$ cat my_file-v3.txt   # compact mmCIF, C-alpha atoms (C1' of nucleotides)
# COMPACT_ATOMS: atom_id res chain seq x y z
CA MET H 1 -101.96 68.28 -14.48
CA LYS H 2 -103.24 65.96 -11.79
CA VAL H 3 -104.94 66.88 -8.57
CA SER H 4 -101.82 66.88 -6.41
CA GLU H 5 -99.96 69.29 -8.64
CA LEU H 6 -102.98 71.55 -8.91
CA ALA H 7 -103.39 71.52 -5.15
CA ARG H 8 -99.73 72.19 -4.49
CA ARG H 9 -99.62 75.09 -6.90
CA ALA H 10 -102.81 76.53 -5.42
CA GLY H 11 -101.57 76.13 -1.87
CA ILE H 12 -104.15 73.64 -0.62
CA THR H 13 -104.39 69.85 -0.27
CA PRO H 14 -105.69 67.42 -2.89
CA ALA H 15 -108.43 66.49 -0.43
CA ALA H 16 -109.55 70.10 -0.27
CA VAL H 17 -109.69 70.28 -4.06
CA ARG H 18 -111.92 67.19 -4.18
CA PHE H 19 -113.99 68.65 -1.40
CA TYR H 20 -114.46 71.90 -3.29
CA GLU H 21 -115.55 69.95 -6.34
CA ALA H 22 -117.99 67.84 -4.31
CA GLU H 23 -119.45 71.04 -2.84
CA GLY H 24 -119.87 72.57 -6.26
CA VAL H 25 -117.40 75.35 -5.52
CA LEU H 26 -115.26 74.15 -8.40
CA PRO H 27 -116.70 72.65 -11.58
CA ALA H 28 -116.32 68.88 -11.95
CA ALA H 29 -112.96 68.21 -13.54
CA PRO H 30 -112.87 66.08 -16.70
CA ARG H 31 -111.41 62.63 -16.19
CA LYS H 32 -108.71 60.76 -18.06
CA ALA H 33 -109.26 57.17 -19.14
CA ASN H 34 -108.00 55.91 -15.78
CA GLY H 35 -110.53 58.02 -13.90
CA TYR H 36 -108.00 60.59 -12.70
CA ARG H 37 -109.02 64.25 -12.71
CA GLU H 38 -107.15 66.34 -15.29
CA TYR H 39 -106.66 70.09 -14.88
CA THR H 40 -105.53 72.94 -17.10
CA ASP H 41 -103.79 76.18 -16.16
CA ASP H 42 -107.15 77.89 -16.36
CA ASP H 43 -108.43 75.50 -13.74
CA LEU H 44 -105.47 76.38 -11.56
CA CYS H 45 -106.38 80.00 -12.01
CA ARG H 46 -109.92 79.34 -10.84
CA VAL H 47 -108.74 77.42 -7.81
CA ARG H 48 -106.37 80.22 -6.92
CA LEU H 49 -109.20 82.71 -7.06
CA VAL H 50 -111.20 80.60 -4.63
CA VAL H 51 -108.20 80.13 -2.36
CA ALA H 52 -107.54 83.87 -2.39
CA MET H 53 -111.14 84.67 -1.52
CA ARG H 54 -111.12 82.08 1.25
CA GLY H 55 -107.97 83.72 2.56
CA LEU H 56 -109.88 86.99 2.76
CA GLY H 57 -112.30 85.26 5.08
CA LEU H 58 -115.22 84.70 2.72
CA GLU H 59 -117.33 81.63 3.22
CA LEU H 60 -116.76 78.77 0.84
CA SER H 61 -120.26 79.00 -0.61
CA GLU H 62 -119.70 82.68 -1.32
CA CYS H 63 -116.39 81.90 -2.99
CA GLY H 64 -118.19 79.37 -5.16
CA ARG H 65 -120.90 81.82 -6.11
CA LEU H 66 -118.47 84.58 -7.01
CA SER H 67 -116.10 82.27 -8.83
CA ALA H 68 -119.00 80.91 -10.86
CA LEU H 69 -119.97 84.45 -11.88
CA CYS H 70 -116.45 84.94 -13.16
CA ARG H 71 -116.52 81.66 -15.04
CA ASP H 72 -119.71 82.81 -16.74
CA GLY H 73 -117.94 85.84 -18.10
CA GLN H 74 -119.40 88.16 -15.49
CA CYS H 75 -116.13 89.10 -13.89
CA ASP H 76 -117.32 92.69 -13.56
CA VAL H 77 -120.40 91.67 -11.60
CA MET H 78 -118.22 89.47 -9.48
CA GLU H 79 -115.86 92.31 -8.73
CA GLU H 80 -118.74 94.50 -7.71
CA GLN H 81 -120.12 91.90 -5.32
CA LEU H 82 -116.68 91.08 -4.01
CA LEU H 83 -116.19 94.72 -3.13
CA ASP H 84 -119.44 94.59 -1.15
CA ARG H 85 -118.26 91.51 0.71
CA LEU H 86 -114.95 93.15 1.51
CA GLY H 87 -116.78 96.00 3.18
CA GLU H 88 -118.88 93.59 5.20
CA ARG H 89 -115.81 91.60 6.15
CA ARG H 90 -114.05 94.68 7.40
CA GLN H 91 -117.03 95.50 9.58
CA ALA H 92 -117.09 91.95 10.94
CA ILE H 93 -113.36 92.13 11.59
CA ALA H 94 -113.75 95.37 13.49
CA ALA H 95 -116.47 93.75 15.60
CA ALA H 96 -114.37 90.66 16.21
CA ARG H 97 -111.46 92.82 17.27
CA ALA H 98 -113.58 94.73 19.72
CA GLU H 99 -114.79 91.45 21.16
CA LEU H 100 -111.25 90.13 21.51
CA ASP H 101 -110.18 93.32 23.22
CA HIS H 102 -113.07 93.09 25.62
CA LEU H 103 -112.32 89.46 26.38
CA ASP H 104 -108.66 90.19 26.91
CA ARG H 105 -109.49 92.88 29.42
CA GLU H 106 -111.73 90.42 31.24
CA LEU H 107 -108.99 87.83 31.28
CA ALA H 108 -106.44 90.34 32.55
CA THR H 109 -108.74 91.46 35.34
CA LEU H 110 -109.46 87.89 36.31
CA GLN H 111 -105.79 87.00 36.25
CA GLY H 112 -105.13 89.92 38.54
CA SER H 113 -107.80 88.96 41.06
CA MET H 114 -106.75 85.35 41.10
CA ARG H 115 -103.08 86.16 41.51
CA SER H 116 -103.82 88.38 44.48
CA GLY H 117 -105.48 85.43 46.12
CA LYS H 118 -109.13 86.36 45.68
CA MET H 119 -111.30 83.31 45.24
CA LEU H 120 -112.99 82.77 41.90
CA PRO H 121 -114.67 85.99 40.89
CA LEU H 122 -116.27 83.98 38.11
CA ALA H 123 -119.96 84.71 37.87
CA CYS H 124 -120.35 81.24 39.24
CA CYS H 125 -122.43 82.17 42.22
CA GLY H 126 -124.54 84.88 40.82
CA PRO H 127 -126.52 87.81 42.17
CA GLU H 128 -128.95 85.37 43.71
CA GLY H 129 -126.28 84.40 46.18
CA GLY H 130 -125.07 80.90 45.89
CA ALA H 131 -123.82 77.68 47.19
CA THR H 132 -120.21 76.56 47.32
CA CYS H 133 -118.56 75.66 44.06
CA MET O 1 -135.64 73.04 39.79
CA LYS O 2 -136.18 71.66 36.28
CA VAL O 3 -133.88 71.96 33.34
CA SER O 4 -135.46 75.07 31.85
CA GLU O 5 -135.16 77.07 35.04
CA LEU O 6 -131.58 75.92 35.54
CA ALA O 7 -130.73 76.84 31.99
CA ARG O 8 -132.40 80.22 32.19
CA ARG O 9 -130.65 81.10 35.44
CA ALA O 10 -127.31 79.96 34.00
CA GLY O 11 -127.80 81.88 30.77
CA ILE O 12 -127.90 78.95 28.35
CA THR O 13 -130.59 76.81 26.71
CA PRO O 14 -132.07 73.59 28.12
CA ALA O 15 -130.67 71.81 25.07
CA ALA O 16 -127.18 72.99 25.94
CA VAL O 17 -127.57 71.71 29.50
CA ARG O 18 -128.57 68.27 28.23
CA PHE O 19 -125.70 68.40 25.78
CA TYR O 20 -123.23 69.22 28.55
CA GLU O 21 -124.54 66.28 30.55
CA ALA O 22 -124.29 63.95 27.56
CA GLU O 23 -120.71 65.08 27.01
CA GLY O 24 -119.83 64.45 30.63
CA VAL O 25 -119.12 68.13 31.27
CA LEU O 26 -121.87 68.13 33.89
CA PRO O 27 -122.63 65.14 36.10
CA ALA O 28 -125.81 63.23 35.26
CA ALA O 29 -128.68 64.90 37.06
CA PRO O 30 -130.90 62.73 39.29
CA ARG O 31 -134.37 62.12 37.89
CA LYS O 32 -137.79 62.51 39.45
CA ALA O 33 -140.38 59.74 39.16
CA ASN O 34 -141.55 61.16 35.82
CA GLY O 35 -138.05 61.04 34.38
CA TYR O 36 -137.47 64.78 34.56
CA ARG O 37 -134.04 66.02 35.63
CA GLU O 38 -134.01 67.69 39.03
CA TYR O 39 -131.40 70.29 39.97
CA THR O 40 -130.28 71.96 43.19
CA ASP O 41 -128.74 75.40 43.69
CA ASP O 42 -125.36 73.72 43.89
CA ASP O 43 -125.97 72.30 40.43
CA LEU O 44 -126.78 75.78 39.20
CA CYS O 45 -123.51 76.93 40.70
CA ARG O 46 -121.63 74.27 38.78
CA VAL O 47 -123.32 75.12 35.53
CA ARG O 48 -122.53 78.77 36.04
CA LEU O 49 -118.88 77.94 36.53
CA VAL O 50 -118.84 76.06 33.24
CA VAL O 51 -120.70 78.87 31.46
CA ALA O 52 -118.27 81.42 32.86
CA MET O 53 -115.26 79.41 31.71
CA ARG O 54 -116.80 78.94 28.27
CA GLY O 55 -117.30 82.69 28.15
CA LEU O 56 -113.59 83.09 28.73
CA GLY O 57 -113.02 81.06 25.59
CA LEU O 58 -112.00 77.75 27.11
CA GLU O 59 -112.95 74.59 25.26
CA LEU O 60 -115.87 72.64 26.62
CA SER O 61 -113.74 69.61 27.46
CA GLU O 62 -111.40 71.85 29.44
CA CYS O 63 -114.34 73.39 31.28
CA GLY O 64 -115.51 69.89 32.15
CA ARG O 65 -112.13 68.86 33.42
CA LEU O 66 -111.66 71.95 35.57
CA SER O 67 -115.20 71.88 36.88
CA ALA O 68 -114.78 68.22 37.84
CA LEU O 69 -111.64 69.09 39.80
CA CYS O 70 -113.64 71.62 41.75
CA ARG O 71 -116.43 69.13 42.37
CA ASP O 72 -113.85 66.76 43.82
CA GLY O 73 -112.85 69.33 46.36
CA GLN O 74 -109.73 70.36 44.48
CA CYS O 75 -110.80 73.92 43.84
CA ASP O 76 -107.26 75.12 44.54
CA VAL O 77 -105.78 72.83 41.87
CA MET O 78 -108.49 73.99 39.51
CA GLU O 79 -107.68 77.62 40.16
CA GLU O 80 -104.04 76.98 39.46
CA GLN O 81 -104.77 75.29 36.16
CA LEU O 82 -107.34 77.90 35.23
CA LEU O 83 -104.71 80.58 35.72
CA ASP O 84 -102.45 78.70 33.29
CA ARG O 85 -105.24 78.52 30.73
CA LEU O 86 -105.95 82.21 31.08
CA GLY O 87 -102.35 82.95 30.18
CA GLU O 88 -102.54 80.70 27.15
CA ARG O 89 -105.82 82.27 26.13
CA ARG O 90 -104.37 85.74 26.29
CA GLN O 91 -101.53 84.65 24.04
CA ALA O 92 -103.98 83.12 21.59
CA ILE O 93 -106.05 86.28 21.66
CA ALA O 94 -103.02 88.41 20.93
CA ALA O 95 -102.19 86.16 17.99
CA ALA O 96 -105.77 86.28 16.71
CA ARG O 97 -105.75 90.05 16.96
CA ALA O 98 -102.54 90.31 15.00
CA GLU O 99 -104.05 88.10 12.33
CA LEU O 100 -107.20 90.19 12.17
CA ASP O 101 -105.13 93.34 11.86
CA HIS O 102 -103.10 91.83 9.07
CA LEU O 103 -106.22 90.67 7.26
CA ASP O 104 -107.86 94.05 7.63
CA ARG O 105 -104.88 95.76 6.07
CA GLU O 106 -105.04 93.30 3.19
CA LEU O 107 -108.73 93.96 2.73
CA ALA O 108 -108.20 97.71 2.83
CA THR O 109 -105.44 97.52 0.23
CA LEU O 110 -107.54 95.32 -2.00
CA GLN O 111 -110.53 97.62 -1.64
CA GLY O 112 -108.33 100.50 -2.69
CA SER O 113 -106.97 98.78 -5.75
CA MET O 114 -110.38 97.60 -6.84
CA ARG O 115 -112.00 100.98 -6.37
CA SER O 116 -109.35 102.62 -8.49
CA GLY O 117 -110.27 100.27 -11.26
CA LYS O 118 -107.35 97.89 -11.14
CA MET O 119 -108.37 94.40 -12.09
CA LEU O 120 -108.24 91.70 -9.44
CA PRO O 121 -104.89 91.82 -7.73
CA LEU O 122 -105.94 88.56 -6.09
CA ALA O 123 -103.12 86.04 -6.25
CA CYS O 124 -105.30 84.32 -8.76
CA CYS O 125 -102.79 84.23 -11.54
CA GLY O 126 -99.64 83.61 -9.66
CA PRO O 127 -95.94 84.11 -10.24
CA GLU O 128 -96.01 81.40 -12.87
CA GLY O 129 -97.95 83.73 -15.09
CA GLY O 130 -101.48 82.69 -15.77
CA ALA O 131 -104.53 82.35 -17.83
CA THR O 132 -107.56 84.61 -17.73
CA CYS O 133 -109.88 84.28 -14.79
C1' DC U 1 -161.12 67.57 29.14
C1' DT U 2 -158.56 70.04 26.42
C1' DT U 3 -154.99 73.18 25.44
C1' DG U 4 -150.52 74.77 25.98
C1' DA U 5 -146.26 74.53 27.99
C1' DC U 6 -143.32 71.76 29.52
C1' DT U 7 -140.25 67.19 29.53
C1' DT U 8 -137.87 62.97 27.44
C1' DT U 9 -135.03 60.63 23.57
C1' DA U 10 -132.68 60.31 19.28
C1' DC U 11 -130.93 61.98 15.20
C1' DA U 12 -129.74 65.38 11.48
C1' DG U 13 -127.37 69.55 10.35
C1' DT U 14 -123.91 73.23 10.78
C1' DA U 15 -118.33 74.94 8.38
C1' DA U 16 -114.64 73.41 6.20
C1' DC U 17 -112.25 70.45 5.99
C1' DT U 18 -108.90 66.07 7.66
C1' DG U 19 -107.98 61.29 8.17
C1' DC U 20 -108.78 56.64 7.21
C1' DA U 21 -109.67 52.42 4.61
C1' DA U 22 -109.84 49.73 0.52
C1' DA U 23 -108.89 49.33 -4.08
C1' DG U 24 -107.02 50.52 -8.53
C1' DT U 25 -102.82 53.03 -11.35
C1' DT U 26 -98.56 54.66 -12.44
C1' DT U 27 -93.66 55.02 -12.16
C1' DA U 28 -88.93 53.95 -11.05
C1' DG U 29 -85.59 50.60 -10.06
C1' DG U 30 -83.59 45.96 -10.29
C1' DC A 1 -91.23 41.24 -15.75
C1' DC A 2 -91.76 42.20 -10.90
C1' DT A 3 -92.12 44.86 -7.09
C1' DA A 4 -92.54 48.71 -4.05
C1' DA A 5 -93.47 53.40 -3.54
C1' DA A 6 -96.23 56.95 -4.61
C1' DC A 7 -99.92 58.22 -6.61
C1' DT A 8 -105.29 58.11 -7.67
C1' DT A 9 -110.29 56.88 -6.73
C1' DT A 10 -114.54 56.50 -3.51
C1' DG A 11 -116.97 56.72 0.72
C1' DC A 12 -117.46 57.58 5.39
C1' DA A 13 -116.27 58.98 10.17
C1' DG A 14 -114.56 62.72 13.10
C1' DT A 15 -113.87 67.49 14.46
C1' DT A 16 -116.60 71.89 17.85
C1' DA A 17 -120.44 73.19 20.35
C1' DC A 18 -124.23 73.31 19.83
C1' DT A 19 -129.31 74.05 17.41
C1' DG A 20 -133.41 72.29 15.34
C1' DT A 21 -136.70 68.73 14.54
C1' DA A 22 -139.69 64.86 15.51
C1' DA A 23 -142.31 61.78 18.30
C1' DA A 24 -143.98 60.81 22.61
C1' DG A 25 -144.93 61.40 27.45
C1' DT A 26 -146.25 64.85 31.59
C1' DC A 27 -148.20 68.55 33.94
C1' DA A 28 -151.03 72.81 35.17
C1' DA A 29 -154.79 75.86 34.23
C1' DG A 30 -159.37 76.83 32.86

$ encode --input "my_file-v3.txt" --output "structure tokens"
Amino acid sequence: MKVSELARRAGITPAAVRFYEAEGVLPAAPRKANGYREYTDDDLCRVRLVVAMRGLGLELSECGRLSALCRDGQCDVMEEQLLDRLGERRQAIAAARAELDHLDRELATLQGSMRSGKMLPLACCGPEGGATC
Amino acid sequence: MKVSELARRAGITPAAVRFYEAEGVLPAAPRKANGYREYTDDDLCRVRLVVAMRGLGLELSECGRLSALCRDGQCDVMEEQLLDRLGERRQAIAAARAELDHLDRELATLQGSMRSGKMLPLACCGPEGGATC
DNA sequence: CTTGACTTTACAGTAACTGCAAAGTTTAGG
DNA sequence: CCTAAACTTTGCAGTTACTGTAAAGTCAAG
């Protein structure tokens, strides 16, 4: 199949597929006589793995590394490392959530102050006392 | 004061201050004879406003626009628009949180399947039936 | 007078793509 | 056979908000 079909079936754009190849995340596809990339179902499978890992929030380079392990017949090693990453991701997600919650509380408080007419409680004029904004 | 002191008192780096100026987020600072930027307490106040708005998650361009309004004596208009942005931000935060929650559930499920020995339930070999990864 | 701590500028790099331009290829229809 | 649409190729610029580096000038202390 050609790049557009591969991309469509993997759920990304042809440009992204070429980008992944350029970045070494996917192996360089063999070319037909006209220079077009030609893909097999196995290739599709590999792309899908990368897309799935990206969807889990892993960095592209990490997806490439893990996918390469799998291609080298070390799927078990890959699985092990993927499991590690999943744990790390969940920690990062928990942290991100806490941060969002904190920010939302700040925003709510600020909204409240502003709506009740108080002038900018933004830390604009700090503890040093300040000039007019 | 010089750029480092301004930056320190505003809670950012000197490089960020110069960047903000280059981007037009802050007005160009007047220079001393030696070419160094010279700032007043009012300038510090302006930078702090931008830093505060950035901390609320607003885009830099938006911070620049709002801060400029305030500089032009339209603090009231700025406040109004800021209030709008805060509402939008809170919506975006709620959406981001929902996404994080969803992702975390996915990760947890995947962790579970992998730990109990099931091979990659990643959508790697899709509904079309697939090759080996 | 030297050393260290500043300052200036400009430019490269980051993450993960998207969009564009220019040129060649294929495919369907007339 | 011709043409027009819909592909494909490459390379490069743009996105966001900076950070890091390099080269060069300035300033304060000892």

$ interface_residues --input "my_file-v3.txt" --of "chain A" --to "chain H" --cutoff "9 Å" --atoms "only C-alpha atoms (C1' of nucleotides)" --output "MDAnalysis selection string"
chainID A and resid 7:9

$ interface_residues --input "my_file-v3.txt" --of "chain U" --to "chain O" --cutoff "9 Å" --atoms "only C-alpha atoms (C1' of nucleotides)" --output "count of residues only"
3

$ calpha_fit_and_write --input "my_file-v3.txt" --fixed "chain H" --moving "chain O" --output "tab-separated table (two decimals) with C-alpha atoms, keeping the file's coordinate frame"
chain	number	residue	atom	x	y	z
O	1	MET	CA	-101.94	68.31	-14.53
O	2	LYS	CA	-103.24	65.96	-11.83
O	3	VAL	CA	-104.93	66.88	-8.63
O	4	SER	CA	-101.82	66.89	-6.46
O	5	GLU	CA	-99.95	69.30	-8.69
O	6	LEU	CA	-102.99	71.56	-8.95
O	7	ALA	CA	-103.40	71.52	-5.21
O	8	ARG	CA	-99.75	72.18	-4.53
O	9	ARG	CA	-99.63	75.10	-6.95
O	10	ALA	CA	-102.83	76.53	-5.45
O	11	GLY	CA	-101.59	76.13	-1.89
O	12	ILE	CA	-104.17	73.62	-0.65
O	13	THR	CA	-104.39	69.83	-0.30
O	14	PRO	CA	-105.69	67.40	-2.94
O	15	ALA	CA	-108.43	66.46	-0.48
O	16	ALA	CA	-109.56	70.06	-0.31
O	17	VAL	CA	-109.71	70.26	-4.11
O	18	ARG	CA	-111.91	67.17	-4.26
O	19	PHE	CA	-114.02	68.61	-1.47
O	20	TYR	CA	-114.47	71.88	-3.35
O	21	GLU	CA	-115.57	69.93	-6.41
O	22	ALA	CA	-118.00	67.83	-4.38
O	23	GLU	CA	-119.46	71.00	-2.90
O	24	GLY	CA	-119.89	72.54	-6.32
O	25	VAL	CA	-117.42	75.33	-5.55
O	26	LEU	CA	-115.27	74.12	-8.44
O	27	PRO	CA	-116.71	72.63	-11.62
O	28	ALA	CA	-116.32	68.87	-12.01
O	29	ALA	CA	-112.95	68.21	-13.59
O	30	PRO	CA	-112.85	66.07	-16.76
O	31	ARG	CA	-111.38	62.62	-16.25
O	32	LYS	CA	-108.68	60.75	-18.13
O	33	ALA	CA	-109.23	57.15	-19.22
O	34	ASN	CA	-107.97	55.91	-15.84
O	35	GLY	CA	-110.48	58.03	-13.97
O	36	TYR	CA	-107.96	60.60	-12.78
O	37	ARG	CA	-108.98	64.26	-12.78
O	38	GLU	CA	-107.17	66.35	-15.36
O	39	TYR	CA	-106.66	70.09	-14.92
O	40	THR	CA	-105.55	72.95	-17.16
O	41	ASP	CA	-103.81	76.19	-16.20
O	42	ASP	CA	-107.17	77.91	-16.40
O	43	ASP	CA	-108.44	75.50	-13.77
O	44	LEU	CA	-105.49	76.38	-11.59
O	45	CYS	CA	-106.40	80.02	-12.05
O	46	ARG	CA	-109.93	79.34	-10.86
O	47	VAL	CA	-108.76	77.42	-7.84
O	48	ARG	CA	-106.39	80.21	-6.95
O	49	LEU	CA	-109.22	82.70	-7.08
O	50	VAL	CA	-111.22	80.58	-4.66
O	51	VAL	CA	-108.21	80.11	-2.37
O	52	ALA	CA	-107.55	83.85	-2.40
O	53	MET	CA	-111.16	84.65	-1.51
O	54	ARG	CA	-111.13	82.05	1.26
O	55	GLY	CA	-107.97	83.70	2.55
O	56	LEU	CA	-109.89	86.94	2.77
O	57	GLY	CA	-112.32	85.20	5.09
O	58	LEU	CA	-115.23	84.66	2.73
O	59	GLU	CA	-117.35	81.57	3.22
O	60	LEU	CA	-116.79	78.73	0.82
O	61	SER	CA	-120.29	78.96	-0.63
O	62	GLU	CA	-119.71	82.65	-1.32
O	63	CYS	CA	-116.40	81.88	-2.99
O	64	GLY	CA	-118.19	79.35	-5.18
O	65	ARG	CA	-120.88	81.79	-6.14
O	66	LEU	CA	-118.46	84.58	-7.01
O	67	SER	CA	-116.08	82.28	-8.83
O	68	ALA	CA	-118.98	80.91	-10.89
O	69	LEU	CA	-119.95	84.44	-11.89
O	70	CYS	CA	-116.45	84.97	-13.18
O	71	ARG	CA	-116.50	81.68	-15.05
O	72	ASP	CA	-119.68	82.83	-16.77
O	73	GLY	CA	-117.92	85.87	-18.09
O	74	GLN	CA	-119.40	88.18	-15.48
O	75	CYS	CA	-116.12	89.11	-13.87
O	76	ASP	CA	-117.30	92.71	-13.52
O	77	VAL	CA	-120.42	91.68	-11.57
O	78	MET	CA	-118.23	89.45	-9.45
O	79	GLU	CA	-115.86	92.29	-8.69
O	80	GLU	CA	-118.74	94.48	-7.65
O	81	GLN	CA	-120.12	91.88	-5.29
O	82	LEU	CA	-116.68	91.04	-3.97
O	83	LEU	CA	-116.20	94.69	-3.08
O	84	ASP	CA	-119.45	94.56	-1.09
O	85	ARG	CA	-118.26	91.47	0.76
O	86	LEU	CA	-114.95	93.08	1.56
O	87	GLY	CA	-116.78	95.93	3.24
O	88	GLU	CA	-118.88	93.52	5.26
O	89	ARG	CA	-115.80	91.54	6.19
O	90	ARG	CA	-114.04	94.61	7.45
O	91	GLN	CA	-117.02	95.42	9.64
O	92	ALA	CA	-117.06	91.88	10.99
O	93	ILE	CA	-113.34	92.07	11.65
O	94	ALA	CA	-113.73	95.31	13.54
O	95	ALA	CA	-116.45	93.71	15.65
O	96	ALA	CA	-114.34	90.61	16.28
O	97	ARG	CA	-111.43	92.79	17.32
O	98	ALA	CA	-113.57	94.72	19.76
O	99	GLU	CA	-114.75	91.45	21.24
O	100	LEU	CA	-111.21	90.14	21.57
O	101	ASP	CA	-110.16	93.36	23.26
O	102	HIS	CA	-113.04	93.13	25.67
O	103	LEU	CA	-112.28	89.50	26.44
O	104	ASP	CA	-108.61	90.24	26.97
O	105	ARG	CA	-109.43	92.93	29.49
O	106	GLU	CA	-111.68	90.48	31.30
O	107	LEU	CA	-108.95	87.87	31.33
O	108	ALA	CA	-106.40	90.38	32.59
O	109	THR	CA	-108.70	91.50	35.40
O	110	LEU	CA	-109.44	87.93	36.37
O	111	GLN	CA	-105.76	87.04	36.32
O	112	GLY	CA	-105.11	89.95	38.63
O	113	SER	CA	-107.78	89.01	41.11
O	114	MET	CA	-106.73	85.39	41.16
O	115	ARG	CA	-103.06	86.18	41.59
O	116	SER	CA	-103.82	88.39	44.55
O	117	GLY	CA	-105.49	85.45	46.17
O	118	LYS	CA	-109.11	86.41	45.74
O	119	MET	CA	-111.30	83.39	45.27
O	120	LEU	CA	-113.00	82.89	41.93
O	121	PRO	CA	-114.72	86.09	40.94
O	122	LEU	CA	-116.27	84.04	38.15
O	123	ALA	CA	-119.99	84.75	37.91
O	124	CYS	CA	-120.35	81.29	39.30
O	125	CYS	CA	-122.45	82.22	42.26
O	126	GLY	CA	-124.58	84.91	40.83
O	127	PRO	CA	-126.61	87.82	42.15
O	128	GLU	CA	-129.07	85.38	43.66
O	129	GLY	CA	-126.45	84.44	46.18
O	130	GLY	CA	-125.15	80.94	45.88
O	131	ALA	CA	-123.84	77.73	47.16
O	132	THR	CA	-120.21	76.70	47.33
O	133	CYS	CA	-118.52	75.74	44.11

$ atom_distance --input "my_file-v3.txt" --atom1 "C1' of DC17 in chain U" --atom2 "CA of Glu21 in chain O"
27.8 Å

$ closest_atom_pairs --input "my_file-v3.txt" --of "chain O" --to "chain H" --cutoff "9 Å" --atoms "all atoms listed in the file" --output "CSV"
residue,atom,partner,partner_atom,distance
O:Arg9,CA,H:Gly126,CA,9.0
O:Ala10,CA,H:Cys124,CA,8.8
O:Asp41,CA,H:Ala131,CA,6.5
O:Asp42,CA,H:Ala131,CA,5.4
O:Asp43,CA,H:Ala131,CA,8.9
O:Leu44,CA,H:Cys125,CA,8.3
O:Cys45,CA,H:Cys124,CA,5.5
O:Arg46,CA,H:Cys133,CA,6.3
O:Val47,CA,H:Cys124,CA,7.7
O:Arg48,CA,H:Cys124,CA,4.6
O:Leu49,CA,H:Cys124,CA,4.5
O:Val50,CA,H:Cys124,CA,8.1
O:Val51,CA,H:Cys124,CA,8.1
O:Ala52,CA,H:Leu122,CA,6.2
O:Met53,CA,H:Leu122,CA,7.9
O:Gly55,CA,H:Leu103,CA,8.6
O:Leu56,CA,H:Leu103,CA,6.9
O:Gly57,CA,H:Leu103,CA,8.5
O:Ser67,CA,H:Cys133,CA,8.8
O:Cys70,CA,H:Cys133,CA,6.8
O:Arg71,CA,H:Cys133,CA,7.1
O:Gly73,CA,H:Cys133,CA,8.8
O:Cys75,CA,H:Cys133,CA,8.0
O:Glu79,CA,H:Leu120,CA,7.6
O:Glu80,CA,H:Met114,CA,8.9
O:Leu83,CA,H:Gln111,CA,6.5
O:Leu86,CA,H:Leu107,CA,6.4
O:Gly87,CA,H:Gln111,CA,8.1
O:Arg89,CA,H:Leu107,CA,8.2
O:Arg90,CA,H:Asp104,CA,6.2
O:Ile93,CA,H:Leu100,CA,6.5
O:Ala94,CA,H:Asp104,CA,8.4
O:Ala96,CA,H:Leu100,CA,8.2
O:Arg97,CA,H:Arg97,CA,6.4
O:Leu100,CA,H:Ile93,CA,6.5
O:Asp101,CA,H:Ile93,CA,8.3
O:Leu103,CA,H:Leu56,CA,6.9
O:Asp104,CA,H:Arg90,CA,6.2
O:Glu106,CA,H:Leu56,CA,8.0
O:Leu107,CA,H:Leu86,CA,6.4
O:Ala108,CA,H:Arg90,CA,8.0
O:Leu110,CA,H:Leu86,CA,8.5
O:Gln111,CA,H:Leu83,CA,6.5
O:Met114,CA,H:Leu83,CA,7.5
O:Arg115,CA,H:Leu83,CA,8.2
O:Met119,CA,H:Glu79,CA,8.5
O:Leu120,CA,H:Glu79,CA,7.7
O:Leu122,CA,H:Ala52,CA,6.2
O:Ala123,CA,H:Ala52,CA,6.3
O:Cys124,CA,H:Leu49,CA,4.5
O:Cys125,CA,H:Cys45,CA,5.6
O:Gly126,CA,H:Cys45,CA,8.0
O:Gly130,CA,H:Cys45,CA,6.7
O:Ala131,CA,H:Asp42,CA,5.4
O:Thr132,CA,H:Asp42,CA,6.9
O:Cys133,CA,H:Cys45,CA,6.2

$ residues_around --input "my_file-v3.txt" --residues "Phe19 in chain O" --least-positions-apart "4" --cutoff "8 Å" --atoms "all atoms listed in the file" --output "ChimeraX atom specification"
/O:15,23 /A:18

$ residues_near_point --input "my_file-v3.txt" --point "(-137.2, 67.4, 19.8)" --cutoff "10 Å" --atoms "all atoms listed in the file" --output "number ranges by chain"
O: 15; U: 8-11; A: 20-24

$ closest_residue --input "my_file-v3.txt" --among "U:DG30, U:DG24, U:DT18, U:DT3" --to "Pro14 in chain H" --atoms "only C-alpha atoms (C1' of nucleotides)"
U:DT18

$ build_atoms --input "my_file-v3.txt" --residues "range 76-81 of chain O" --atoms "N, CA and C atoms" --output "CSV table (one decimal), in the frame of the given file"
chain,number,residue,atom,x,y,z
O,76,ASP,N,-108.5,74.4,44.6
O,76,ASP,CA,-107.3,75.1,44.5
O,76,ASP,C,-106.5,74.7,43.3
O,77,VAL,N,-106.5,73.3,43.1
O,77,VAL,CA,-105.8,72.8,41.9
O,77,VAL,C,-106.4,73.4,40.6
O,78,MET,N,-107.7,73.4,40.6
O,78,MET,CA,-108.5,74.0,39.5
O,78,MET,C,-108.1,75.4,39.3
O,79,GLU,N,-108.0,76.2,40.3
O,79,GLU,CA,-107.7,77.6,40.2
O,79,GLU,C,-106.3,77.8,39.5
O,80,GLU,N,-105.4,76.9,40.0
O,80,GLU,CA,-104.0,77.0,39.5
O,80,GLU,C,-104.0,76.7,37.9
O,81,GLN,N,-104.7,75.7,37.6
O,81,GLN,CA,-104.8,75.3,36.2
O,81,GLN,C,-105.5,76.3,35.3
